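To keep things clear, I will list the structure first and then write my remarks on it.
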There are 2 protein chains.
Amino acid sequence: MSLREKKAAKKREDILRSASLVIARQGYQHATMEDIAAELLMTKGSLYYYFKNKQELLFYCHDLILSKAISKMEKIQREDISAEDKIKKAIKAHVAIAIEEKEIFNLIIEPEQIFSEEHIGRIIEKRDRYTGFFDQFIEEGIRNGEFNLKQKKMARMMIMGAVNWTQVWYSAAGEYDKKEIQTIYAEYLVKMLV
Amino acid sequence: MSLREKKAAKKREDILRSASLVIARQGYQHATMEDIAAELLMTKGSLYYYFKNKQELLFYCHDLILSKAISKMEKIQREDISAEDKIKKAIKAHVAIAIEEKEIFNLIIEPEQIFSEEHIGRIIEKRDRYTGFFDQFIEEGIRNGEFNLKQKKMARMMIMGAVNWTQVWYSAAGEYDKKEIQTIYAEYLVKMLV
DNA sequence: TTGAAGATTGACTTGTAATTCAAAAAAAGA
DNA sequence: TCTTTTTTTGAATTACAAGTCAATCTTCAA
């Protein structure tokens, strides 16, 4: 990769980072291309040099987070610990993402409202890959007798839902800190499974 | 109330009903005043005769659903059954609302994105009144020994989150029907509390 | 040093949807 | 019926933000 290409790649990353930031502050609908550009001391015209349009910019923001999330899960998957500990770690990791990436994470929740056909397929696929890890951990626990439940899928959805919800109410200044939430969520939600 | 006033009141209700419908179909951002008017065989100019603006129209849609939800809870509250049964009924009721009112319910989740100061206060207040019922049921269960947990508030949030999430994935054509979801959610989530 | 490729600009176009409003139509009451 | 009030209309206005593009500036390799 030439110097120029490296620079361009870095710029793309910078844009994604700033876009994430602005979206986190203002929400997707209210974050304008101008706002995102301003954050980088650029003009919006430039953004279009790097990304075809707002939707595509969004798509890559989204994709970045999902990729990070998936690699966390892969790491957990490889660890040599009980299924219970795996699902607990997974819950904690998911809490962290939901809290730290607030608004962008929201997009993962409701892609249909924002993305068009072309992106949706890829998003759903990747999202399924992510949630699949939770299914695996649950199944592992059932197989080796740690857990006991029939409705695996619904249990997973309850867990995801509970955790995704933190995104709505969590505030850094609030009553609970992240660590507390992680611990308690992991503990309580696992009680559903055993 | 004169005939005229009654008619106007009825029209306001009709508008709220149609608006709910259109929003349920298209989501808030994509439901235009024109769409809402078309549903009623009116023109959008008329809507402004009954509601100051789109936001206010929305506010009343929202308020209507929340009112219905609260009165369901009040009914459960008055019943002479165990705390466990109360929370189970509450969960089932909440599942029903989340599924049936999909998009409008969404507004309850994220009012900050849409409403301005003037409405937000009233919304939050009413929403708190609603979630307060869940707190009451949980506390009741703790008091009389049915439940055993320290983190009441977080438990409530996990329950609400899990249930709110159904709204995202539930589809009438999908794998599970409403009743199934209600039963399993109530059963599993209560396992967290005991 | 220089000129071609790459990057940036900002004014402009476009599209959408909310909101306004004067005029017309409908309804009610005298 | 006639007059006044209420309701509806649809065309015009307004606001906002996405996306375009010709012109300009920057960079870097020769």
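A note on labels: chains of the structure tokens are A, B, ... as shown, every chain counts residues from 1, and ligands are counted from 1 in their shown order.
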What are the residues of chain D that have an atom within 12 Å of an atom of chain A, counting only C-alpha atoms (C1' of nucleotides), as a ChimeraX atom specification?
/D:16-21,27-29
Just need the residues of chain A within 10 Å of chain B, counting only C-alpha atoms, so spit them out as a ChimeraX atom specification.
/A:26-30,109-110,113,149-151,154-169,176,181,184-185,187-194
Set the distance at 9 Å and use only C-alpha atoms (C1' of nucleotides): which residues neighbour stretch 8-12 of chain C once local chain neighbours fewer than 3 positions away are removed? I'd like the list as a PyMOL selection string.
(chain A and resi 42-43+45-46) or (chain D and resi 20-21+23-26)
The selected residues should be written to file as a CSV table (one decimal), in the first residue's frame (atoms: all heavy atoms).
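And here is the file that came out, out02.csv:
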```csv
chain,number,residue,atom,x,y,z
A,42,MET,N,-13.5,19.4,8.5
A,42,MET,CA,-13.6,19.3,7.1
A,42,MET,C,-14.9,19.9,6.6
A,42,MET,O,-15.7,20.3,7.5
A,42,MET,CB,-13.7,17.8,6.7
A,42,MET,CG,-12.5,16.9,7.0
A,42,MET,SD,-13.0,15.2,6.6
A,42,MET,CE,-11.8,14.9,5.3
A,43,THR,N,-15.1,19.8,5.3
A,43,THR,CA,-16.5,20.2,4.8
A,43,THR,C,-17.1,18.9,4.3
A,43,THR,O,-16.5,17.9,4.0
A,43,THR,CB,-16.3,21.2,3.7
A,43,THR,OG1,-15.5,20.6,2.7
A,43,THR,CG2,-15.7,22.5,4.1
A,45,GLY,N,-18.5,18.1,1.7
A,45,GLY,CA,-18.1,17.7,0.3
A,45,GLY,C,-17.1,16.6,0.4
A,45,GLY,O,-17.1,15.7,-0.4
A,46,SER,N,-16.1,16.8,1.2
A,46,SER,CA,-15.0,15.9,1.4
A,46,SER,C,-15.5,14.5,1.8
A,46,SER,O,-14.9,13.5,1.3
A,46,SER,CB,-14.0,16.3,2.4
A,46,SER,OG,-13.1,17.1,1.9
D,20,DT,P,-24.7,12.5,-5.6
D,20,DT,OP1,-25.2,11.6,-6.7
D,20,DT,OP2,-23.5,12.1,-4.8
D,20,DT,O5',-24.4,13.9,-6.2
D,20,DT,C5',-25.5,14.6,-6.8
D,20,DT,C4',-24.9,15.8,-7.5
D,20,DT,O4',-24.5,16.8,-6.5
D,20,DT,C3',-23.7,15.5,-8.3
D,20,DT,O3',-23.9,16.2,-9.6
D,20,DT,C2',-22.5,16.2,-7.5
D,20,DT,C1',-23.3,17.3,-6.8
D,20,DT,N1,-22.7,17.8,-5.5
D,20,DT,C2,-22.6,19.1,-5.3
D,20,DT,O2,-22.8,20.0,-6.2
D,20,DT,N3,-22.1,19.5,-4.1
D,20,DT,C4,-21.8,18.6,-3.0
D,20,DT,O4,-21.5,19.1,-1.9
D,20,DT,C5,-22.0,17.2,-3.3
D,20,DT,C7,-21.8,16.3,-2.2
D,20,DT,C6,-22.5,16.9,-4.5
D,21,DC,P,-22.9,15.8,-10.8
D,21,DC,OP1,-23.8,15.8,-12.0
D,21,DC,OP2,-22.1,14.6,-10.5
D,21,DC,O5',-22.0,17.1,-10.9
D,21,DC,C5',-22.5,18.4,-10.7
D,21,DC,C4',-21.4,19.4,-10.7
D,21,DC,O4',-21.0,19.6,-9.3
D,21,DC,C3',-20.1,18.9,-11.4
D,21,DC,O3',-19.6,20.0,-12.1
D,21,DC,C2',-19.2,18.5,-10.2
D,21,DC,C1',-19.6,19.5,-9.1
D,21,DC,N1,-19.3,19.1,-7.7
D,21,DC,C2,-19.2,20.0,-6.8
D,21,DC,O2,-19.3,21.2,-7.1
D,21,DC,N3,-18.9,19.6,-5.5
D,21,DC,C4,-18.9,18.3,-5.2
D,21,DC,N4,-18.6,18.0,-3.9
D,21,DC,C5,-19.0,17.3,-6.2
D,21,DC,C6,-19.3,17.7,-7.4
D,23,DA,P,-15.1,25.4,-14.1
D,23,DA,OP1,-15.4,26.6,-14.8
D,23,DA,OP2,-14.3,24.3,-14.7
D,23,DA,O5',-14.3,25.9,-12.8
D,23,DA,C5',-15.0,26.7,-11.8
D,23,DA,C4',-14.2,26.8,-10.6
D,23,DA,O4',-14.2,25.5,-9.9
D,23,DA,C3',-12.7,27.1,-10.9
D,23,DA,O3',-12.3,28.1,-10.0
D,23,DA,C2',-12.0,25.8,-10.6
D,23,DA,C1',-12.8,25.2,-9.5
D,23,DA,N9,-12.8,23.7,-9.4
D,23,DA,C8,-12.9,22.8,-10.4
D,23,DA,N7,-12.8,21.5,-10.0
D,23,DA,C5,-12.6,21.6,-8.7
D,23,DA,C6,-12.4,20.7,-7.6
D,23,DA,N6,-12.4,19.4,-7.9
D,23,DA,N1,-12.2,21.1,-6.4
D,23,DA,C2,-12.2,22.5,-6.2
D,23,DA,N3,-12.4,23.5,-7.0
D,23,DA,C4,-12.6,23.0,-8.3
D,24,DT,P,-10.8,28.7,-10.0
D,24,DT,OP1,-10.9,30.1,-9.8
D,24,DT,OP2,-10.1,28.1,-11.2
D,24,DT,O5',-10.1,28.0,-8.7
D,24,DT,C5',-10.7,28.2,-7.5
D,24,DT,C4',-10.0,27.3,-6.5
D,24,DT,O4',-10.2,25.9,-6.8
D,24,DT,C3',-8.5,27.6,-6.5
D,24,DT,O3',-8.1,28.0,-5.2
D,24,DT,C2',-7.9,26.2,-6.9
D,24,DT,C1',-9.0,25.3,-6.5
D,24,DT,N1,-9.0,23.9,-7.2
D,24,DT,C2,-8.9,22.8,-6.4
D,24,DT,O2,-8.8,22.8,-5.2
D,24,DT,N3,-9.0,21.6,-7.2
D,24,DT,C4,-9.1,21.5,-8.6
D,24,DT,O4,-9.2,20.4,-9.1
D,24,DT,C5,-9.2,22.7,-9.3
D,24,DT,C7,-9.3,22.7,-10.8
D,24,DT,C6,-9.1,23.9,-8.6
D,25,DC,P,-6.6,28.5,-4.9
D,25,DC,OP1,-6.7,29.7,-4.1
D,25,DC,OP2,-5.8,28.5,-6.2
D,25,DC,O5',-6.1,27.3,-4.0
D,25,DC,C5',-6.8,26.9,-2.9
D,25,DC,C4',-6.3,25.5,-2.5
D,25,DC,O4',-6.6,24.6,-3.5
D,25,DC,C3',-4.8,25.5,-2.2
D,25,DC,O3',-4.7,24.9,-0.9
D,25,DC,C2',-4.3,24.6,-3.3
D,25,DC,C1',-5.4,23.7,-3.6
D,25,DC,N1,-5.5,23.0,-4.9
D,25,DC,C2,-5.5,21.6,-5.0
D,25,DC,O2,-5.5,21.0,-3.9
D,25,DC,N3,-5.6,21.0,-6.2
D,25,DC,C4,-5.6,21.8,-7.3
D,25,DC,N4,-5.7,21.1,-8.4
D,25,DC,C5,-5.6,23.2,-7.3
D,25,DC,C6,-5.5,23.8,-6.1
D,26,DT,P,-3.3,24.9,-0.1
D,26,DT,OP1,-3.5,25.6,1.2
D,26,DT,OP2,-2.2,25.3,-1.1
D,26,DT,O5',-3.1,23.4,0.2
D,26,DT,C5',-3.7,22.4,-0.5
D,26,DT,C4',-3.1,21.0,-0.3
D,26,DT,O4',-3.2,20.3,-1.6
D,26,DT,C3',-1.7,20.9,0.1
D,26,DT,O3',-1.6,19.9,1.0
D,26,DT,C2',-0.9,20.8,-1.2
D,26,DT,C1',-1.9,20.0,-2.0
D,26,DT,N1,-2.0,20.2,-3.5
D,26,DT,C2,-2.1,19.2,-4.3
D,26,DT,O2,-2.1,18.0,-4.0
D,26,DT,N3,-2.1,19.5,-5.7
D,26,DT,C4,-2.1,20.7,-6.2
D,26,DT,O4,-2.2,20.9,-7.5
D,26,DT,C5,-2.0,21.8,-5.3
D,26,DT,C7,-1.9,23.2,-5.8
D,26,DT,C6,-1.9,21.5,-4.0
```
Of the candidates A:Lys10, A:Glu5, A:Phe59, A:Ala172, which one gets nearest to A:Phe115 if we count only C-alpha atoms?
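Of the candidates, the smallest distance to A:Phe115 is held by A:Phe59.
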Tell me, which residues of stretch 125-186 of chain B carry DSSP helix (DSSP H, G or I), written as a PyMOL selection string?
chain B and resi 125-143+152-169+178-186
Listing only residues of chain C within 9 Å of chain B, what is the closest atom pair and its distance in Å (to one decimal) for each, using only C-alpha atoms (C1' of nucleotides), sorted by chain and residue number ascending, as JSON lines?
```
{"residue": "C:DA17", "atom": "C1'", "partner": "B:Thr32", "partner_atom": "CA", "distance": 6.9}
{"residue": "C:DA18", "atom": "C1'", "partner": "B:Met33", "partner_atom": "CA", "distance": 7.9}
{"residue": "C:DT19", "atom": "C1'", "partner": "B:Asn53", "partner_atom": "CA", "distance": 8.0}
{"residue": "C:DT20", "atom": "C1'", "partner": "B:Gly45", "partner_atom": "CA", "distance": 8.9}
```
For those residues, write N, CA, C and O atoms (P, O5', C5', C4', C3', O3' and C1' of nucleotides) to a file as a compact mmCIF listing (two decimals), in the first residue's frame.
```
# COMPACT_ATOMS: atom_id res chain seq x y z
P DA C 17 -40.93 12.51 2.42
O5' DA C 17 -41.42 13.32 3.67
C5' DA C 17 -40.46 13.88 4.56
C4' DA C 17 -41.00 15.13 5.16
C3' DA C 17 -42.52 15.11 5.39
O3' DA C 17 -42.74 15.68 6.64
C1' DA C 17 -41.93 17.04 4.25
P DA C 18 -44.00 15.44 7.52
O5' DA C 18 -44.02 16.75 8.40
C5' DA C 18 -42.82 17.13 9.06
C4' DA C 18 -42.78 18.63 9.20
C3' DA C 18 -44.03 19.22 9.85
O3' DA C 18 -43.61 20.15 10.83
C1' DA C 18 -43.65 20.25 7.74
P DT C 19 -44.60 20.63 11.93
O5' DT C 19 -45.17 21.94 11.24
C5' DT C 19 -44.24 22.97 10.89
C4' DT C 19 -44.94 24.01 10.05
C3' DT C 19 -46.30 24.47 10.59
O3' DT C 19 -46.17 25.83 10.92
C1' DT C 19 -46.32 24.21 8.24
P DT C 20 -47.38 26.67 11.49
O5' DT C 20 -47.82 27.49 10.19
C5' DT C 20 -46.83 28.21 9.48
C4' DT C 20 -47.49 28.94 8.32
C3' DT C 20 -48.76 29.71 8.69
O3' DT C 20 -48.61 30.99 8.13
C1' DT C 20 -49.19 28.27 6.86
```
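Interatomic distance, atom CA of A:Gly121 against atom CA of A:Gln77: 25.1 Å.
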